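This is upload16.cif (mmCIF, C-alpha atoms).
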data_entry
#
loop_
_atom_site.label_atom_id
_atom_site.label_comp_id
_atom_site.auth_asym_id
_atom_site.auth_seq_id
_atom_site.Cartn_x
_atom_site.Cartn_y
_atom_site.Cartn_z
CA MET A 72 -15.32 -25.96 -32.31
CA THR A 73 -17.28 -23.48 -30.25
CA ALA A 74 -15.70 -20.60 -28.37
CA SER A 75 -15.58 -21.18 -24.62
CA VAL A 76 -14.88 -18.51 -22.08
CA ILE A 77 -12.17 -19.42 -19.56
CA ILE A 78 -12.84 -18.14 -16.05
CA GLY A 79 -9.93 -18.21 -13.64
CA VAL A 80 -10.46 -18.37 -9.89
CA LEU A 81 -7.69 -16.90 -7.77
CA ALA A 82 -6.53 -19.88 -5.73
CA LEU A 83 -4.17 -18.34 -3.20
CA GLN A 84 -6.64 -18.55 -0.30
CA GLY A 85 -10.40 -18.82 0.15
CA ASP A 86 -13.32 -20.81 -1.25
CA THR A 87 -11.86 -21.52 -4.70
CA ARG A 88 -13.50 -24.91 -5.26
CA GLU A 89 -17.07 -23.63 -4.90
CA HIS A 90 -16.52 -20.94 -7.52
CA LEU A 91 -14.93 -23.42 -9.93
CA HIS A 92 -17.95 -25.70 -9.51
CA ALA A 93 -20.35 -22.82 -10.20
CA VAL A 94 -18.46 -21.83 -13.34
CA ALA A 95 -18.41 -25.41 -14.63
CA SER A 96 -22.17 -25.65 -14.05
CA LEU A 97 -22.62 -22.77 -16.51
CA ASP A 98 -20.76 -24.45 -19.39
CA ALA A 99 -17.70 -22.26 -18.98
CA ILE A 100 -14.17 -23.46 -18.34
CA GLY A 101 -12.91 -22.85 -14.82
CA ARG A 102 -9.21 -22.83 -13.92
CA PRO A 103 -7.44 -22.15 -10.62
CA VAL A 104 -4.93 -19.31 -10.82
CA ARG A 105 -1.83 -19.31 -8.61
CA ARG A 106 0.88 -18.22 -11.06
CA VAL A 107 1.33 -15.53 -13.67
CA ASP A 108 1.29 -18.01 -16.55
CA GLU A 109 -2.06 -19.33 -15.31
CA LEU A 110 -3.40 -15.77 -15.15
CA ASP A 111 -2.26 -15.22 -18.72
CA SER A 112 -4.35 -18.20 -19.88
CA VAL A 113 -7.74 -16.95 -18.65
CA ASP A 114 -10.28 -14.52 -20.12
CA ALA A 115 -11.75 -13.40 -16.79
CA LEU A 116 -11.05 -13.82 -13.08
CA ILE A 117 -13.01 -14.47 -9.89
CA ILE A 118 -11.50 -13.33 -6.59
CA PRO A 119 -13.14 -15.51 -3.94
CA GLY A 120 -14.11 -14.94 -0.35
CA GLY A 121 -11.56 -15.64 2.33
CA GLU A 122 -9.22 -13.44 4.35
CA SER A 123 -8.39 -10.28 2.42
CA THR A 124 -5.22 -9.47 4.37
CA THR A 125 -3.81 -12.96 3.76
CA MET A 126 -4.87 -12.81 0.11
CA SER A 127 -3.12 -9.47 -0.29
CA LYS A 128 0.10 -10.80 1.23
CA LEU A 129 0.09 -13.95 -0.91
CA ALA A 130 -0.64 -11.99 -4.08
CA VAL A 131 2.57 -10.06 -3.45
CA GLU A 132 4.56 -13.21 -2.57
CA PHE A 133 3.36 -15.08 -5.67
CA GLY A 134 4.10 -12.12 -7.95
CA LEU A 135 0.45 -11.69 -8.94
CA LEU A 136 -0.34 -8.24 -7.58
CA GLU A 137 0.94 -6.14 -10.47
CA PRO A 138 -0.03 -8.63 -13.23
CA ILE A 139 -3.64 -8.68 -11.97
CA ARG A 140 -3.66 -4.89 -11.71
CA LYS A 141 -2.44 -4.69 -15.32
CA ARG A 142 -5.09 -7.12 -16.56
CA ILE A 143 -7.77 -5.13 -14.72
CA GLY A 144 -6.48 -1.94 -16.32
CA ALA A 145 -6.55 -3.63 -19.72
CA GLY A 146 -10.24 -4.53 -19.33
CA MET A 147 -10.25 -8.13 -18.08
CA PRO A 148 -13.62 -8.91 -16.45
CA VAL A 149 -13.20 -9.59 -12.73
CA TYR A 150 -15.73 -10.58 -10.09
CA GLY A 151 -14.93 -10.34 -6.38
CA SER A 152 -17.08 -11.87 -3.62
CA CYS A 153 -16.65 -10.81 0.03
CA ALA A 154 -12.86 -10.61 0.42
CA GLY A 155 -12.76 -10.25 -3.36
CA MET A 156 -14.88 -7.11 -3.06
CA ILE A 157 -12.31 -5.70 -0.64
CA MET A 158 -9.48 -6.57 -3.03
CA LEU A 159 -11.20 -4.65 -5.87
CA ALA A 160 -11.78 -1.50 -3.78
CA SER A 161 -9.86 1.70 -4.30
CA THR A 162 -10.04 2.46 -0.56
CA ILE A 163 -10.29 0.05 2.41
CA LEU A 164 -11.48 1.09 5.86
CA ASP A 165 -10.43 -0.96 8.91
CA GLY A 166 -7.82 -2.83 6.89
CA ARG A 167 -4.23 -3.47 7.92
CA PRO A 168 -1.69 -0.77 7.05
CA ASP A 169 0.27 -3.18 4.85
CA GLN A 170 -2.81 -4.45 3.01
CA VAL A 171 -2.70 -3.67 -0.71
CA PRO A 172 -5.72 -4.25 -2.96
CA PHE A 173 -5.83 -4.83 -6.70
CA GLY A 174 -8.15 -1.85 -6.99
CA GLY A 175 -10.23 -1.09 -10.06
CA ILE A 176 -13.60 -0.12 -8.57
CA ASP A 177 -13.94 3.47 -7.39
CA MET A 178 -15.42 2.63 -3.99
CA THR A 179 -14.67 2.77 -0.30
CA VAL A 180 -15.24 -0.57 1.44
CA ARG A 181 -15.38 -1.21 5.17
CA ARG A 182 -13.75 -4.51 6.08
CA ASN A 183 -15.70 -6.81 8.48
CA ALA A 184 -18.51 -4.23 8.48
CA PHE A 185 -21.18 -6.72 9.52
CA GLY A 186 -19.13 -7.98 12.47
CA ARG A 187 -17.12 -11.05 13.35
CA GLN A 188 -17.61 -14.67 12.29
CA VAL A 189 -20.29 -15.15 14.96
CA ASP A 190 -22.25 -12.29 13.40
CA SER A 191 -22.53 -14.05 10.03
CA PHE A 192 -26.07 -14.09 8.71
CA GLU A 193 -28.33 -14.55 5.71
CA GLY A 194 -30.42 -11.75 4.27
CA SER A 195 -32.43 -10.78 1.22
CA VAL A 196 -30.77 -8.71 -1.50
CA ASP A 197 -32.30 -7.47 -4.75
CA ILE A 198 -29.85 -7.22 -7.67
CA SER A 199 -31.12 -4.65 -10.14
CA ASP A 200 -29.67 -6.26 -13.30
CA ILE A 201 -30.64 -9.85 -12.42
CA GLU A 202 -34.15 -11.24 -12.70
CA GLY A 203 -35.77 -13.92 -10.54
CA GLY A 204 -36.47 -12.12 -7.29
CA PRO A 205 -34.27 -11.38 -4.28
CA PHE A 206 -31.18 -13.41 -3.42
CA ARG A 207 -30.91 -15.24 -0.14
CA ALA A 208 -27.44 -13.87 0.45
CA VAL A 209 -24.87 -15.36 2.85
CA PHE A 210 -22.72 -12.81 4.69
CA ILE A 211 -19.62 -14.11 6.50
CA ARG A 212 -17.45 -11.44 8.15
CA ALA A 213 -18.62 -9.43 5.19
CA PRO A 214 -17.72 -5.92 4.07
CA TRP A 215 -20.11 -3.30 2.89
CA VAL A 216 -19.60 -0.36 0.56
CA GLU A 217 -19.48 3.00 2.32
CA SER A 218 -19.43 5.12 -0.84
CA VAL A 219 -18.97 4.88 -4.60
CA GLY A 220 -17.71 7.15 -7.35
CA ASP A 221 -19.87 8.47 -10.17
CA SER A 222 -18.82 5.67 -12.55
CA VAL A 223 -19.93 2.87 -10.20
CA GLU A 224 -23.40 1.33 -10.54
CA VAL A 225 -25.00 0.20 -7.29
CA LEU A 226 -26.66 -3.13 -8.05
CA GLY A 227 -27.82 -4.32 -4.63
CA ARG A 228 -28.55 -3.29 -1.07
CA VAL A 229 -29.56 -5.21 2.03
CA ARG A 230 -33.36 -5.20 2.24
CA ASP A 231 -34.06 -5.81 5.93
CA GLY A 232 -32.64 -5.60 9.45
CA GLN A 233 -30.16 -3.25 11.05
CA ALA A 234 -28.05 -3.14 7.89
CA ALA A 235 -30.99 -2.29 5.60
CA GLY A 236 -29.91 0.00 2.79
CA ARG A 237 -26.22 -0.90 2.95
CA ILE A 238 -24.61 -1.35 -0.47
CA VAL A 239 -23.54 -4.96 -1.05
CA ALA A 240 -23.32 -5.32 -4.85
CA VAL A 241 -21.72 -3.00 -7.40
CA ARG A 242 -20.47 -2.91 -10.95
CA GLN A 243 -18.01 -0.61 -12.69
CA GLN A 244 -17.78 -1.47 -16.38
CA HIS A 245 -15.96 -4.85 -16.55
CA LEU A 246 -15.69 -5.25 -12.75
CA LEU A 247 -18.33 -6.80 -10.48
CA ALA A 248 -18.32 -7.20 -6.70
CA THR A 249 -20.65 -8.55 -4.01
CA ALA A 250 -20.26 -8.56 -0.24
CA PHE A 251 -21.98 -11.94 -0.04
CA HIS A 252 -21.13 -15.49 -1.14
CA PRO A 253 -23.38 -16.71 -4.00
CA GLU A 254 -21.14 -19.76 -4.42
CA LEU A 255 -22.41 -21.14 -1.10
CA THR A 256 -26.14 -21.09 -1.91
CA GLY A 257 -26.53 -23.01 -5.17
CA ASP A 258 -28.09 -19.90 -6.75
CA LEU A 259 -26.06 -19.44 -9.93
CA ARG A 260 -27.56 -16.15 -11.08
CA VAL A 261 -24.61 -13.95 -10.05
CA HIS A 262 -22.12 -16.34 -11.64
CA ARG A 263 -24.25 -16.51 -14.80
CA TYR A 264 -24.31 -12.72 -14.92
CA PHE A 265 -20.51 -12.63 -14.65
CA VAL A 266 -19.96 -15.37 -17.22
CA GLU A 267 -22.10 -13.35 -19.63
CA MET A 268 -19.99 -10.27 -18.83
CA ALA A 269 -16.92 -12.28 -19.77
CA ARG A 270 -18.49 -13.59 -22.97
CA GLU A 271 -19.60 -10.11 -23.99
CA ALA A 272 -16.03 -8.88 -23.53
CA GLY A 273 -15.25 -11.00 -26.57
CA ASN A 274 -12.08 -12.61 -25.25
CA THR A 275 -12.92 -16.26 -25.75
CA THR A 276 -10.62 -19.15 -26.56
CA GLU A 277 -11.40 -21.82 -29.12
CA GLY A 278 -11.83 -25.14 -27.38
#

Written as structure tokens, that's how I'd like the structure from this file.
Amino acid sequence: MTASVIIGVLALQGDTREHLHAVASLDAIGRPVRRVDELDSVDALIIPGGESTTMSKLAVEFGLLEPIRKRIGAGMPVYGSCAGMIMLASTILDGRPDQVPFGGIDMTVRRNAFGRQVDSFEGSVDISDIEGGPFRAVFIRAPWVESVGDSVEVLGRVRDGQAAGRIVAVRQQHLLATAFHPELTGDLRVHRYFVEMAREAGNTTEG
């Protein structure tokens, strides 16, 4: 039997199905996570795009806030896209007062930085650790990163337009975040990068 990495996708709210499909396409095992016992069964976690304030509220209601924080602190690989990036931030600008993130990445993120739903757009982003040329990135009510701490690696910035130079992809050790939605484009390179992060962490389950 070969060791297979199990990637959970937080399934409280957001585009869970697309991430599960991407993970399955990379010969990893994808599982939705809504309860603590489901969290305990995975090696890594994806926090999908969606509505970060709703996700925060549901994480508290489902008893997942502190367990996810503990797994992050213990080194579980986590990838957050769009709302997931907000949920991994240490500081949120323009969030609701009662919004509580999981934290983990030493960064300040501005919620809805690119504007409202009608301001959604696609743009080119180079990711420094990923080969194959720029990503055609989809931004939907997306955040951007205002600032990062010394331990955070900036992986990608918007190339063109009014938002050129804005930080939209970062990594801090076992944590990865993008402001855009790679699960909506069919480009699996970000997911492949994260699956490899999870495999390198060494926490695989025989299956």

* Asked: What do you get, as number ranges by chain, if you spell out every residue that the PyMOL selection byres ((chain A and resi 152) around 12) selects here?
  -> A: 80-81, 85-87, 89-90, 116-123, 149-151, 153-160, 208-215, 239-241, 246-255, 261-262, 265

* To do: For the structure shown, which residues end up in the PyMOL selection byres ((chain A and resi 115) around 10)? Put them as number ranges by chain, please?
  => A: 76-80, 101, 110-114, 116-117, 142-143, 146-150, 245-246, 265-266, 268-270, 272, 274-275

With C-alpha atoms retained, write the just-selected residues as a JSON list (two decimals), in the coordinates of the input.
[["chain", "number", "residue", "atom", "x", "y", "z"],
["A", 76, "VAL", "CA", -14.88, -18.51, -22.08],
["A", 77, "ILE", "CA", -12.17, -19.42, -19.56],
["A", 78, "ILE", "CA", -12.84, -18.14, -16.05],
["A", 79, "GLY", "CA", -9.93, -18.21, -13.64],
["A", 80, "VAL", "CA", -10.46, -18.37, -9.89],
["A", 101, "GLY", "CA", -12.91, -22.85, -14.82],
["A", 110, "LEU", "CA", -3.40, -15.77, -15.15],
["A", 111, "ASP", "CA", -2.26, -15.22, -18.72],
["A", 112, "SER", "CA", -4.35, -18.20, -19.88],
["A", 113, "VAL", "CA", -7.74, -16.95, -18.65],
["A", 114, "ASP", "CA", -10.28, -14.52, -20.12],
["A", 116, "LEU", "CA", -11.05, -13.82, -13.08],
["A", 117, "ILE", "CA", -13.01, -14.47, -9.89],
["A", 142, "ARG", "CA", -5.09, -7.12, -16.56],
["A", 143, "ILE", "CA", -7.77, -5.13, -14.72],
["A", 146, "GLY", "CA", -10.24, -4.53, -19.33],
["A", 147, "MET", "CA", -10.25, -8.13, -18.08],
["A", 148, "PRO", "CA", -13.62, -8.91, -16.45],
["A", 149, "VAL", "CA", -13.20, -9.59, -12.73],
["A", 150, "TYR", "CA", -15.73, -10.58, -10.09],
["A", 245, "HIS", "CA", -15.96, -4.85, -16.55],
["A", 246, "LEU", "CA", -15.69, -5.25, -12.75],
["A", 265, "PHE", "CA", -20.51, -12.63, -14.65],
["A", 266, "VAL", "CA", -19.96, -15.37, -17.22],
["A", 268, "MET", "CA", -19.99, -10.27, -18.83],
["A", 269, "ALA", "CA", -16.92, -12.28, -19.77],
["A", 270, "ARG", "CA", -18.49, -13.59, -22.97],
["A", 272, "ALA", "CA", -16.03, -8.88, -23.53],
["A", 274, "ASN", "CA", -12.08, -12.61, -25.25],
["A", 275, "THR", "CA", -12.92, -16.26, -25.75]]

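Here CA of Gly257 (chain A) and CA of Ala234 (chain A) stand 23.8 Å from one another.
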
* Work out how far CA of Met126 (chain A) is from CA of Gly175 (chain A), in Å to one decimal. => 16.4 Å

* Asked: Counting all atoms listed in the file, which of A:Met178, A:Arg230, A:Glu224, A:Pro168 gets nearest to Val196 (chain A)?
  ->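 Of all the options, A:Arg230 lies closest to Val196 (chain A).
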
* List, as a ChimeraX atom specification, every residue that the PyMOL selection byres ((chain A and resi 198-203) around 7) selects in the file provided. => /A:196-197,204-205,226-227

* What lies within 12 Å of Val171 (chain A) using all atoms listed in the file, ignoring chain neighbours under 4 positions off, as a ChimeraX atom specification? -> /A:123-131,135-137,140,157-164,166-167

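CA of Arg207 (chain A) lies 4.9 Å from CA of Ser195 (chain A).
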
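All residues of protein, DNA or RNA that reach within 10 Å of Ser218 (chain A), judged by all atoms listed in the file and not counting those fewer than 4 positions away in the chain, are A:Thr162, A:Asp177, A:Met178, A:Thr179, A:Val180, A:Arg181, A:Val223, A:Val225, A:Arg237, A:Ile238.
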
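With only C-alpha atoms as the atoms that count, the minimum distance from Asp98 (chain A) to the choices A:Ala82, A:Leu259, A:Ser75, A:Gly174 is reached by A:Ser75.
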
* Restricting the calculation to all atoms listed in the file, which member of A:Arg242, A:Lys141, A:Arg88, A:Arg105 is positioned closest to Gly220 (chain A)? ->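 Once distances to Gly220 (chain A) are computed over all atoms listed in the file, the minimum belongs to A:Arg242.
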